[in-house]
Structures are given as C-alpha cells and as structure tokens.
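Structure below is my_file.cif: mmCIF, C-alpha atoms.
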```
data_data
#
loop_
_atom_site.label_atom_id
_atom_site.label_comp_id
_atom_site.auth_asym_id
_atom_site.auth_seq_id
_atom_site.Cartn_x
_atom_site.Cartn_y
_atom_site.Cartn_z
CA MET A 112 2.63 20.70 2.68
CA LYS A 113 -0.05 22.75 1.01
CA LEU A 114 -1.89 21.91 -2.16
CA VAL A 115 -1.64 24.98 -4.39
CA ARG A 116 -2.97 23.78 -7.72
CA VAL A 117 -4.66 20.81 -9.37
CA SER A 118 -4.67 20.57 -13.14
CA ALA A 119 -4.85 17.71 -15.62
CA GLU A 120 -4.16 15.02 -13.02
CA GLN A 121 -1.21 16.97 -11.62
CA TRP A 122 -1.10 18.06 -7.98
CA GLN A 123 1.22 20.94 -7.16
CA PHE A 124 2.37 21.34 -3.55
CA GLN A 125 4.19 24.07 -1.68
CA LEU A 126 6.52 23.11 1.15
CA GLY A 127 8.35 25.44 3.51
CA LYS A 128 12.13 25.13 3.66
CA ARG A 129 12.17 23.33 7.01
CA GLU A 130 9.18 21.27 5.97
CA LYS A 131 11.08 19.95 2.94
CA LEU A 132 14.04 19.10 5.17
CA LEU A 133 11.73 17.15 7.49
CA PHE A 134 10.10 15.42 4.53
CA PHE A 135 13.46 14.32 3.17
CA GLU A 136 14.72 13.23 6.59
CA VAL A 137 11.75 10.94 7.09
CA LEU A 138 11.88 9.62 3.50
CA LYS A 139 15.54 8.63 4.01
CA LEU A 140 14.32 6.02 6.52
CA TYR A 141 12.60 4.01 3.77
CA PRO A 142 12.29 1.00 3.82
CA CYS A 143 11.44 0.44 7.45
CA ILE A 144 9.29 -2.71 7.65
CA PRO A 145 11.56 -5.66 8.48
CA SER A 146 11.83 -8.17 5.64
CA ALA A 147 9.65 -11.28 6.00
CA HIS A 148 7.46 -9.45 8.53
CA GLN A 149 4.29 -9.76 6.46
CA THR A 150 2.55 -13.10 6.31
CA LEU A 151 0.28 -14.46 3.61
CA SER A 152 -2.01 -16.36 5.98
CA LYS A 153 -2.79 -16.25 9.68
CA LYS A 154 -4.28 -19.69 10.11
CA GLY A 155 -2.11 -21.44 7.55
CA GLY A 156 -3.12 -24.60 5.74
CA LEU A 157 -2.88 -23.15 2.24
CA PRO A 158 -1.66 -25.38 -0.59
CA GLU A 159 2.06 -24.83 -1.17
CA GLN A 160 2.05 -22.18 1.51
CA GLU A 161 5.81 -22.05 1.93
CA THR A 162 6.32 -21.31 -1.76
CA SER A 163 3.52 -18.73 -1.77
CA GLN A 164 4.98 -17.01 1.29
CA GLN A 165 8.37 -16.95 -0.38
CA LEU A 166 6.83 -15.36 -3.47
CA LEU A 167 5.20 -12.69 -1.31
CA ASP A 168 8.49 -11.96 0.49
CA GLU A 169 10.30 -11.70 -2.82
CA ALA A 170 7.64 -9.46 -4.37
CA LEU A 171 7.71 -7.08 -1.40
CA ALA A 172 11.53 -7.02 -1.29
CA GLU A 173 11.66 -6.32 -5.02
CA GLN A 174 9.12 -3.53 -4.66
CA ARG A 175 11.05 -1.92 -1.80
CA ALA A 176 14.32 -2.00 -3.77
CA GLU A 177 12.57 -0.45 -6.77
CA TYR A 178 10.85 2.22 -4.66
CA LYS A 179 14.09 3.07 -2.87
CA GLN A 180 15.80 3.70 -6.19
CA GLN A 181 12.80 5.67 -7.47
CA LEU A 182 12.75 7.70 -4.25
CA ASP A 183 16.42 8.68 -4.53
CA GLY A 184 15.83 9.87 -8.08
CA TRP A 185 12.69 11.74 -7.09
CA MET A 186 14.32 13.51 -4.15
CA HIS A 187 17.43 14.59 -5.97
CA GLY A 188 16.37 14.61 -9.63
CA ALA A 189 16.91 17.81 -11.57
CA GLY A 190 13.78 19.82 -12.29
CA LYS A 191 11.51 18.00 -9.85
CA TRP A 192 11.77 20.60 -7.07
CA THR A 193 11.56 24.31 -7.76
CA GLU A 194 12.75 26.79 -5.16
CA ASN A 195 10.82 30.01 -4.55
CA GLU A 196 10.74 32.70 -1.86
CA LYS A 197 8.45 30.60 0.38
CA GLY A 198 10.34 27.36 0.09
CA TRP A 199 9.87 24.62 -2.49
CA ARG A 200 7.29 23.54 -5.05
CA VAL A 201 6.81 20.03 -6.33
CA THR A 202 4.31 18.58 -8.80
CA LEU A 203 2.98 15.06 -8.36
CA SER A 204 0.90 12.79 -10.60
CA VAL A 205 -1.66 10.34 -9.18
CA PRO A 206 0.73 7.34 -9.53
CA GLU A 207 3.43 9.34 -7.74
CA ILE A 208 1.04 10.17 -4.89
CA GLU A 209 0.06 6.49 -4.60
CA TRP A 210 3.70 5.50 -4.53
CA LEU A 211 4.54 8.12 -1.89
CA LEU A 212 1.61 6.98 0.24
CA GLN A 213 3.02 3.44 0.19
CA VAL A 214 6.50 4.69 1.04
CA LEU A 215 5.24 6.86 3.93
CA ASN A 216 3.07 4.08 5.32
CA ASP A 217 5.98 1.66 5.20
CA ILE A 218 7.94 4.15 7.34
CA ARG A 219 5.01 4.62 9.72
CA VAL A 220 4.19 0.90 10.12
CA GLY A 221 7.87 -0.11 10.12
CA SER A 222 8.67 2.34 12.93
CA TRP A 223 5.76 0.93 14.91
CA VAL A 224 7.05 -2.62 14.36
CA ILE A 225 10.54 -1.55 15.52
CA LEU A 226 8.91 -0.15 18.68
CA GLY A 227 7.51 -3.62 19.36
CA SER A 228 4.05 -3.06 17.84
CA PRO A 229 2.67 -1.28 20.93
CA ASP A 230 -1.08 -1.35 21.33
CA PRO A 231 -2.66 1.07 22.08
CA SER A 232 0.40 3.33 22.23
CA VAL A 233 3.78 4.01 23.79
CA GLU A 234 3.32 5.28 27.34
CA GLU A 235 6.67 6.94 27.91
CA VAL A 236 8.85 8.76 25.44
CA ASN A 237 12.58 8.22 25.93
CA GLU A 238 15.80 8.53 23.95
CA HIS A 239 15.37 5.03 22.51
CA ASN A 240 11.83 5.26 21.21
CA ALA A 241 11.72 9.00 20.36
CA PRO A 242 13.28 8.69 16.86
CA HIS A 243 10.76 6.00 15.86
CA LEU A 244 7.84 7.90 17.34
CA TRP A 245 9.05 10.98 15.46
CA ALA A 246 9.17 8.99 12.19
CA MET A 247 5.63 7.67 12.77
CA GLU A 248 4.25 11.14 13.42
CA VAL A 249 6.03 12.90 10.58
CA ALA A 250 5.25 10.17 8.03
CA GLY A 251 1.63 10.26 9.21
CA ALA A 252 1.40 14.03 8.81
CA PHE A 253 2.60 13.88 5.20
CA GLN A 254 0.30 10.95 4.47
CA THR A 255 -2.64 12.96 5.74
CA ALA A 256 -1.65 15.95 3.59
CA LEU A 257 -1.47 13.76 0.46
CA LEU A 258 -4.77 12.03 1.19
CA GLY A 259 -6.42 15.40 1.80
CA ALA A 260 -5.08 16.66 -1.52
CA LEU A 261 -6.44 13.63 -3.38
CA GLU A 262 -9.81 14.12 -1.77
CA HIS A 263 -9.83 17.78 -2.72
CA GLY A 264 -8.73 17.30 -6.29
CA SER A 265 -10.17 13.98 -7.38
CA PRO A 266 -13.90 13.60 -6.81
CA ASP A 267 -13.90 10.46 -8.99
CA LEU A 268 -11.61 8.59 -6.65
CA HIS A 269 -13.05 9.79 -3.39
CA GLY A 270 -16.62 10.65 -4.40
CA MET B 9 8.34 -19.53 -50.43
CA ALA B 10 6.67 -22.41 -48.74
CA GLU B 11 3.32 -21.83 -47.17
CA THR B 12 2.88 -22.45 -43.48
CA ALA B 13 0.39 -25.18 -43.01
CA ALA B 14 -2.31 -24.47 -40.47
CA PRO B 15 -2.57 -27.20 -37.86
CA GLU B 16 -5.53 -29.41 -38.52
CA LEU B 17 -7.77 -30.75 -35.83
CA LEU B 18 -9.15 -34.20 -36.23
CA PRO B 19 -12.90 -34.52 -35.82
CA GLY B 20 -13.76 -34.95 -32.19
CA THR B 21 -10.46 -33.49 -30.95
CA ILE B 22 -10.91 -31.03 -28.15
CA THR B 23 -8.20 -28.57 -27.17
CA GLU B 24 -8.11 -27.78 -23.51
CA PRO B 25 -6.50 -24.80 -21.79
CA GLU B 26 -3.78 -25.47 -19.26
CA GLU B 27 -5.40 -27.29 -16.42
CA LYS B 28 -5.51 -25.85 -12.94
CA SER B 29 -6.50 -27.76 -9.89
CA LYS B 30 -10.08 -27.46 -8.74
CA SER B 31 -9.10 -25.88 -5.45
CA GLU B 32 -7.15 -23.15 -7.23
CA LEU B 33 -10.12 -22.13 -9.36
CA GLU B 34 -12.85 -22.28 -6.74
CA PRO B 35 -13.65 -19.10 -4.85
CA GLY B 36 -12.77 -20.78 -1.58
CA TYR B 37 -10.36 -18.23 -0.19
CA LEU B 38 -11.15 -15.19 1.90
CA VAL B 39 -9.20 -11.97 1.70
CA ILE B 40 -9.23 -10.54 5.23
CA CYS B 41 -8.02 -7.22 6.56
CA TRP B 42 -7.17 -7.22 10.28
CA ASN B 43 -7.26 -4.31 12.67
CA ASP B 44 -4.10 -2.67 13.92
CA PRO B 45 -3.55 0.53 15.88
CA VAL B 46 -1.18 2.09 13.37
CA ASN B 47 -2.94 2.47 10.01
CA PHE B 48 -5.08 5.61 9.70
CA MET B 49 -8.78 5.07 9.04
CA HIS B 50 -8.79 7.41 6.03
CA TYR B 51 -5.71 5.65 4.64
CA VAL B 52 -7.38 2.23 4.92
CA THR B 53 -10.50 3.60 3.18
CA HIS B 54 -8.34 5.00 0.39
CA VAL B 55 -6.47 1.71 -0.11
CA PHE B 56 -9.74 -0.27 -0.33
CA GLN B 57 -10.98 2.16 -2.99
CA VAL B 58 -7.80 1.85 -5.04
CA VAL B 59 -7.30 -1.93 -4.73
CA PHE B 60 -10.93 -3.05 -5.19
CA GLY B 61 -12.31 -0.07 -7.13
CA TRP B 62 -15.02 0.43 -4.52
CA ASN B 63 -16.89 3.66 -3.95
CA ARG B 64 -16.20 5.55 -0.74
CA LYS B 65 -19.33 4.27 1.03
CA LYS B 66 -18.42 0.61 0.55
CA ALA B 67 -14.77 1.21 1.41
CA GLU B 68 -15.76 3.02 4.61
CA PHE B 69 -18.13 0.21 5.55
CA HIS B 70 -15.31 -2.33 5.43
CA MET B 71 -12.85 0.03 7.12
CA LEU B 72 -15.27 0.48 10.03
CA GLN B 73 -15.80 -3.27 10.21
CA VAL B 74 -12.03 -3.70 10.56
CA HIS B 75 -11.90 -0.98 13.20
CA GLU B 76 -14.89 -2.11 15.26
CA GLN B 77 -14.91 -5.88 14.81
CA GLY B 78 -11.19 -6.51 14.44
CA LYS B 79 -11.39 -7.76 10.87
CA SER B 80 -13.35 -7.58 7.64
CA VAL B 81 -13.72 -10.10 4.85
CA LEU B 82 -13.01 -8.05 1.75
CA ALA B 83 -13.41 -10.70 -0.94
CA ARG B 84 -14.05 -14.39 -1.54
CA GLU B 85 -11.93 -15.49 -4.47
CA SER B 86 -9.96 -18.28 -6.11
CA MET B 87 -6.55 -18.89 -4.59
CA GLU B 88 -4.77 -17.01 -7.36
CA LYS B 89 -6.95 -13.91 -7.11
CA ALA B 90 -6.94 -13.90 -3.31
CA GLU B 91 -3.15 -14.04 -3.39
CA HIS B 92 -3.10 -11.15 -5.84
CA TYR B 93 -5.28 -8.98 -3.57
CA VAL B 94 -3.18 -9.81 -0.50
CA HIS B 95 -0.04 -8.78 -2.39
CA LEU B 96 -1.65 -5.47 -3.36
CA LEU B 97 -2.89 -4.74 0.17
CA GLN B 98 0.45 -5.62 1.69
CA LYS B 99 2.22 -3.29 -0.72
CA TYR B 100 0.27 -0.59 1.09
CA SER B 101 1.42 -2.15 4.42
CA LEU B 102 -2.07 -3.13 5.51
CA HIS B 103 -2.43 -6.19 7.73
CA ALA B 104 -4.14 -8.41 5.17
CA THR B 105 -4.09 -12.18 4.79
CA MET B 106 -5.86 -14.93 2.86
CA GLU B 107 -7.59 -17.76 4.65
CA ARG B 108 -9.33 -20.89 3.47
CA ASP B 109 -13.13 -20.49 3.65
CA GLU B 110 -14.18 -23.35 5.90
#
```
In structure tokens, write the structure found in this file.
Amino acid sequence: MKLVRVSAEQWQFQLGKREKLLFFEVLKLYPCIPSAHQTLSKKGGLPEQETSQQLLDEALAEQRAEYKQQLDGWMHGAGKWTENEKGWRVTLSVPEIEWLLQVLNDIRVGSWVILGSPDPSVEEVNEHNAPHLWAMEVAGAFQTALLGALEHGSPDLHG
Amino acid sequence: MAETAAPELLPGTITEPEEKSKSELEPGYLVICWNDPVNFMHYVTHVFQVVFGWNRKKAEFHMLQVHEQGKSVLARESMEKAEHYVHLLQKYSLHATMERDE
C-alpha cells in the first residue's frame, strides 16, 4: 500500500493486485472483538455502573454494525477502486482513514483476544492459531501504512 | 392573529438549569489507558492526538508512560466527560477505563 498523492485532504494509494486481495480478506474478518469484551471500569464502584456499562456495550455494538455496513459499501462500491496496470488505486479522506484505522485495529486486537490475549507473544505457530496470527500481522501492516501516510501528508495532525 | 405572550418572571424568581448530582459534575474521575502487548506505539500516539487534540510531544509522553509504567492517567474529568473519553478510546480498541479518583 503506497501513498502516491496527497491533495486537498485526499490521500491516494496504490495497491498491487495481490495486496488488494489480502486487504479485502483481512477486512472481511471485521468485527473481531467479542461483544461485551470492553469494560468501562477496572476497579468498579461507579454510580449506576451496570447501566453505564450497558450503554458502552450498546454504543460499541452499534458502531460495529454501522462500520460493517460502511465497509461493505466501501469495498464493493462503484467508482471507489480504479484498476490500472499495476493493480488498484483508491482515494481516502481523513475521516475514512480514521475509520479504517479503527476497523483494522479491531481485527488486530480481536484476533489477539481470540488467541487468549497472549503476553508477550505466541510461542508456537500451529494450524489453530495461524489464521489469527495472520490477521494480526496483515491488519497491523495496513495500519502502519495508513499511519505513515497520515504522518507524511498531514503535518498539522502529526506535527 | 393572536399574539404569543412571552412568559413573565415574577420578581425574585430564579430559573435553574436541569440539576445534576454533585458527583456527576465534579472532576473526580480519571481516564486511564492501560498497557497491552497488542496496540502499536505509533497507533496509541495517534489516537491520543485525535481524541484529546494533543500535540505529538504530549501524546508520545503519555504513550510512553503507558508502555513503561503500565498505565497513564490521560484526564481528570466529570463522570459524563470521562465516560465520553472512554467511549472514544474504546472505539479505537484501546484498553481504556474510567476510575474514581480516590
């Protein structure tokens, strides 16, 4: 995923053919974080904590449903992706990059949670954990490419 | 057409906004980000910049605090605002919680 042009808050990227396939394969895994995994408080003792936790769960579930729908439209929408001799071009706005970063990190963190939240890392790769490790690595690579592009093209945000 | 009469206030009448409990308004809640081995350091820095509007230096300071000390207190706010920040941070899948400042 290479940044080819930045103009008027638009970031244009070039992806190879296989790279786009990989990108789409990993994006299909969204959402990955199990529902009700995230907690509002560690220690507890907040007023009306149960209600607040429920609100958080609902807000995150609603966001994931909305992002999933948005993602399907973005991946398959007419005019979004342009094919050329080197592969595919796609143009992203800042809000789209922010949204994709959240989607990719959900896949990365969710895969890690599915693996049992290993710390520091998985020692042995096998047929059971390989798909999740693959998802973590691929999502992480695209995240890094997007963050690098933002840094390159937006000195205001990352100055 | 009949005119709409403006509501009159009697002398000495005070209108009060919707009341909120004292504990909800006081900045007695900490927004904390906890370390994990999965979120990239540059991603965490980016999220802090976006969510709090911090410059890179301040965002990196807190990111390093998370990384080296296991957690960083990002803000001390009212319950409502702390909840809002936790929601935003969790939308980015960071391990963030709110805790009562004791």
Test item: which residues lie within 8 Å of (-9.8, -13.6, -0.9) counting all atoms listed in the file, as a PyMOL selection string
chain B and resi 35-40+81-87+89-91+93-94+106-107
Next item on the list: Identify every residue of chain B that has at least one atom within 9 Å of any atom of chain A, counting all atoms listed in the file, and report the result as a PyMOL selection string.
Entry: chain B and resi 31-32+44-48+50-51+54+57-58+61+63-65+87+91+94-95+98-108
For Asn240 (chain A), please output as a short mmCIF file (atom, residue, chain, number, x, y, z; two decimals) with C-alpha atoms, in the frame of the given file all residues within 10 Å (counting all atoms listed in the file; exclusion window: fewer than 3 positions along the same chain).
```
data_model
loop_
_atom_site.label_atom_id
_atom_site.label_comp_id
_atom_site.auth_asym_id
_atom_site.auth_seq_id
_atom_site.Cartn_x
_atom_site.Cartn_y
_atom_site.Cartn_z
CA SER A 222 8.67 2.34 12.93
CA TRP A 223 5.76 0.93 14.91
CA ILE A 225 10.54 -1.55 15.52
CA LEU A 226 8.91 -0.15 18.68
CA VAL A 233 3.78 4.01 23.79
CA GLU A 235 6.67 6.94 27.91
CA VAL A 236 8.85 8.76 25.44
CA ASN A 237 12.58 8.22 25.93
CA HIS A 243 10.76 6.00 15.86
CA LEU A 244 7.84 7.90 17.34
CA TRP A 245 9.05 10.98 15.46
#
```
Give, as AutoDock Vina command-line options, the centre coordinates and the x, y and z edge lengths in Å to one decimal for an axis-aligned box around all listed atoms of region 215-227 of chain A, padded by 4 Å on each side.
```
--center_x 6.8 --center_y 1.6 --center_z 11.6 --size_x 15.5 --size_y 18.5 --size_z 23.4
```
Notebook entry, point to check: Could you pull the residues within 7 Å of Leu126 (chain A), counting all atoms listed in the file, minus those fewer than 6 positions along the same chain, as a list in words?
Noted result: Met112, Lys113, Gly198, Trp199 and Arg200 of chain A
A straight line from CA of Tyr178 (chain A) to CA of Leu211 (chain A) spans 9.1 Å
*Using all atoms listed in the file, which residues sit within 12 Å of Trp122 (chain A) once same-chain residues fewer than 5 positions away are excluded, as a list in words?*
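That gives Met112, Lys113, Leu114, Val115, Arg116, Val117, Arg200, Val201, Thr202, Leu203, Ser204, Val205, Pro206, Glu207, Ile208, Ala256, Leu257, Leu258, Gly259, Ala260, Leu261, Glu262, His263, Gly264 and Ser265 of chain A.
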Could you state the separation of CA of Ser146 (chain A) and CA of Val55 (chain B) in Å, given to one decimal place?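 Calculated distance between CA of Ser146 (chain A) and CA of Val55 (chain B) is 21.6 Å.
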Check: How far is it from CA of Phe56 (chain B) to CA of Trp185 (chain A), in Å with one decimal?
Finding: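 So the answer is 26.3 Å.
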Can you sort out region 85-104 of chain B so it carries N, CA, C and O atoms, written as a PDB file, in the coordinates of the input?
```pdb
ATOM      1  N   GLU B  85     -12.486 -15.328  -3.122  1.00  0.00           N
ATOM      2  CA  GLU B  85     -11.930 -15.490  -4.470  1.00  0.00           C
ATOM      3  C   GLU B  85     -11.255 -16.849  -4.640  1.00  0.00           C
ATOM      4  O   GLU B  85     -11.103 -17.594  -3.673  1.00  0.00           O
ATOM      5  N   SER B  86     -10.805 -17.108  -5.862  1.00  0.00           N
ATOM      6  CA  SER B  86      -9.960 -18.280  -6.110  1.00  0.00           C
ATOM      7  C   SER B  86      -8.611 -18.015  -5.422  1.00  0.00           C
ATOM      8  O   SER B  86      -8.301 -16.869  -5.072  1.00  0.00           O
ATOM      9  N   MET B  87      -7.827 -19.044  -5.284  1.00  0.00           N
ATOM     10  CA  MET B  87      -6.550 -18.890  -4.590  1.00  0.00           C
ATOM     11  C   MET B  87      -5.666 -17.836  -5.267  1.00  0.00           C
ATOM     12  O   MET B  87      -5.071 -16.978  -4.608  1.00  0.00           O
ATOM     13  N   GLU B  88      -5.627 -17.919  -6.593  1.00  0.00           N
ATOM     14  CA  GLU B  88      -4.770 -17.010  -7.360  1.00  0.00           C
ATOM     15  C   GLU B  88      -5.173 -15.544  -7.151  1.00  0.00           C
ATOM     16  O   GLU B  88      -4.331 -14.673  -6.919  1.00  0.00           O
ATOM     17  N   LYS B  89      -6.479 -15.298  -7.245  1.00  0.00           N
ATOM     18  CA  LYS B  89      -6.950 -13.910  -7.110  1.00  0.00           C
ATOM     19  C   LYS B  89      -6.801 -13.409  -5.674  1.00  0.00           C
ATOM     20  O   LYS B  89      -6.460 -12.252  -5.442  1.00  0.00           O
ATOM     21  N   ALA B  90      -7.080 -14.291  -4.721  1.00  0.00           N
ATOM     22  CA  ALA B  90      -6.940 -13.900  -3.310  1.00  0.00           C
ATOM     23  C   ALA B  90      -5.486 -13.513  -3.026  1.00  0.00           C
ATOM     24  O   ALA B  90      -5.213 -12.513  -2.367  1.00  0.00           O
ATOM     25  N   GLU B  91      -4.576 -14.309  -3.568  1.00  0.00           N
ATOM     26  CA  GLU B  91      -3.150 -14.040  -3.390  1.00  0.00           C
ATOM     27  C   GLU B  91      -2.783 -12.686  -3.993  1.00  0.00           C
ATOM     28  O   GLU B  91      -2.032 -11.900  -3.404  1.00  0.00           O
ATOM     29  N   HIS B  92      -3.353 -12.416  -5.158  1.00  0.00           N
ATOM     30  CA  HIS B  92      -3.100 -11.150  -5.840  1.00  0.00           C
ATOM     31  C   HIS B  92      -3.556  -9.964  -4.980  1.00  0.00           C
ATOM     32  O   HIS B  92      -2.814  -8.994  -4.800  1.00  0.00           O
ATOM     33  N   TYR B  93      -4.755 -10.071  -4.407  1.00  0.00           N
ATOM     34  CA  TYR B  93      -5.280  -8.980  -3.570  1.00  0.00           C
ATOM     35  C   TYR B  93      -4.425  -8.792  -2.304  1.00  0.00           C
ATOM     36  O   TYR B  93      -4.169  -7.663  -1.886  1.00  0.00           O
ATOM     37  N   VAL B  94      -4.007  -9.912  -1.712  1.00  0.00           N
ATOM     38  CA  VAL B  94      -3.180  -9.810  -0.500  1.00  0.00           C
ATOM     39  C   VAL B  94      -1.855  -9.109  -0.819  1.00  0.00           C
ATOM     40  O   VAL B  94      -1.406  -8.237  -0.072  1.00  0.00           O
ATOM     41  N   HIS B  95      -1.279  -9.451  -1.976  1.00  0.00           N
ATOM     42  CA  HIS B  95      -0.040  -8.780  -2.390  1.00  0.00           C
ATOM     43  C   HIS B  95      -0.265  -7.279  -2.510  1.00  0.00           C
ATOM     44  O   HIS B  95       0.531  -6.486  -2.022  1.00  0.00           O
ATOM     45  N   LEU B  96      -1.373  -6.897  -3.165  1.00  0.00           N
ATOM     46  CA  LEU B  96      -1.650  -5.470  -3.360  1.00  0.00           C
ATOM     47  C   LEU B  96      -1.842  -4.756  -2.022  1.00  0.00           C
ATOM     48  O   LEU B  96      -1.295  -3.680  -1.794  1.00  0.00           O
ATOM     49  N   LEU B  97      -2.611  -5.372  -1.129  1.00  0.00           N
ATOM     50  CA  LEU B  97      -2.890  -4.740   0.170  1.00  0.00           C
ATOM     51  C   LEU B  97      -1.617  -4.638   1.008  1.00  0.00           C
ATOM     52  O   LEU B  97      -1.403  -3.656   1.718  1.00  0.00           O
ATOM     53  N   GLN B  98      -0.779  -5.650   0.904  1.00  0.00           N
ATOM     54  CA  GLN B  98       0.450  -5.620   1.690  1.00  0.00           C
ATOM     55  C   GLN B  98       1.470  -4.632   1.126  1.00  0.00           C
ATOM     56  O   GLN B  98       2.320  -4.132   1.854  1.00  0.00           O
ATOM     57  N   LYS B  99       1.354  -4.333  -0.157  1.00  0.00           N
ATOM     58  CA  LYS B  99       2.220  -3.290  -0.720  1.00  0.00           C
ATOM     59  C   LYS B  99       1.905  -1.945  -0.088  1.00  0.00           C
ATOM     60  O   LYS B  99       2.747  -1.058  -0.052  1.00  0.00           O
ATOM     61  N   TYR B 100       0.671  -1.797   0.374  1.00  0.00           N
ATOM     62  CA  TYR B 100       0.270  -0.590   1.090  1.00  0.00           C
ATOM     63  C   TYR B 100       0.490  -0.755   2.608  1.00  0.00           C
ATOM     64  O   TYR B 100       0.019   0.058   3.381  1.00  0.00           O
ATOM     65  N   SER B 101       1.118  -1.838   3.006  1.00  0.00           N
ATOM     66  CA  SER B 101       1.420  -2.150   4.420  1.00  0.00           C
ATOM     67  C   SER B 101       0.179  -2.335   5.272  1.00  0.00           C
ATOM     68  O   SER B 101       0.211  -2.043   6.481  1.00  0.00           O
ATOM     69  N   LEU B 102      -0.906  -2.784   4.690  1.00  0.00           N
ATOM     70  CA  LEU B 102      -2.070  -3.130   5.510  1.00  0.00           C
ATOM     71  C   LEU B 102      -1.876  -4.558   6.021  1.00  0.00           C
ATOM     72  O   LEU B 102      -1.194  -5.371   5.404  1.00  0.00           O
ATOM     73  N   HIS B 103      -2.507  -4.843   7.164  1.00  0.00           N
ATOM     74  CA  HIS B 103      -2.430  -6.190   7.730  1.00  0.00           C
ATOM     75  C   HIS B 103      -3.510  -7.051   7.070  1.00  0.00           C
ATOM     76  O   HIS B 103      -4.636  -7.153   7.571  1.00  0.00           O
ATOM     77  N   ALA B 104      -3.178  -7.612   5.934  1.00  0.00           N
ATOM     78  CA  ALA B 104      -4.140  -8.410   5.170  1.00  0.00           C
ATOM     79  C   ALA B 104      -3.598  -9.816   4.957  1.00  0.00           C
ATOM     80  O   ALA B 104      -2.393  -9.999   4.761  1.00  0.00           O
TER      81      ALA B 104
END
```
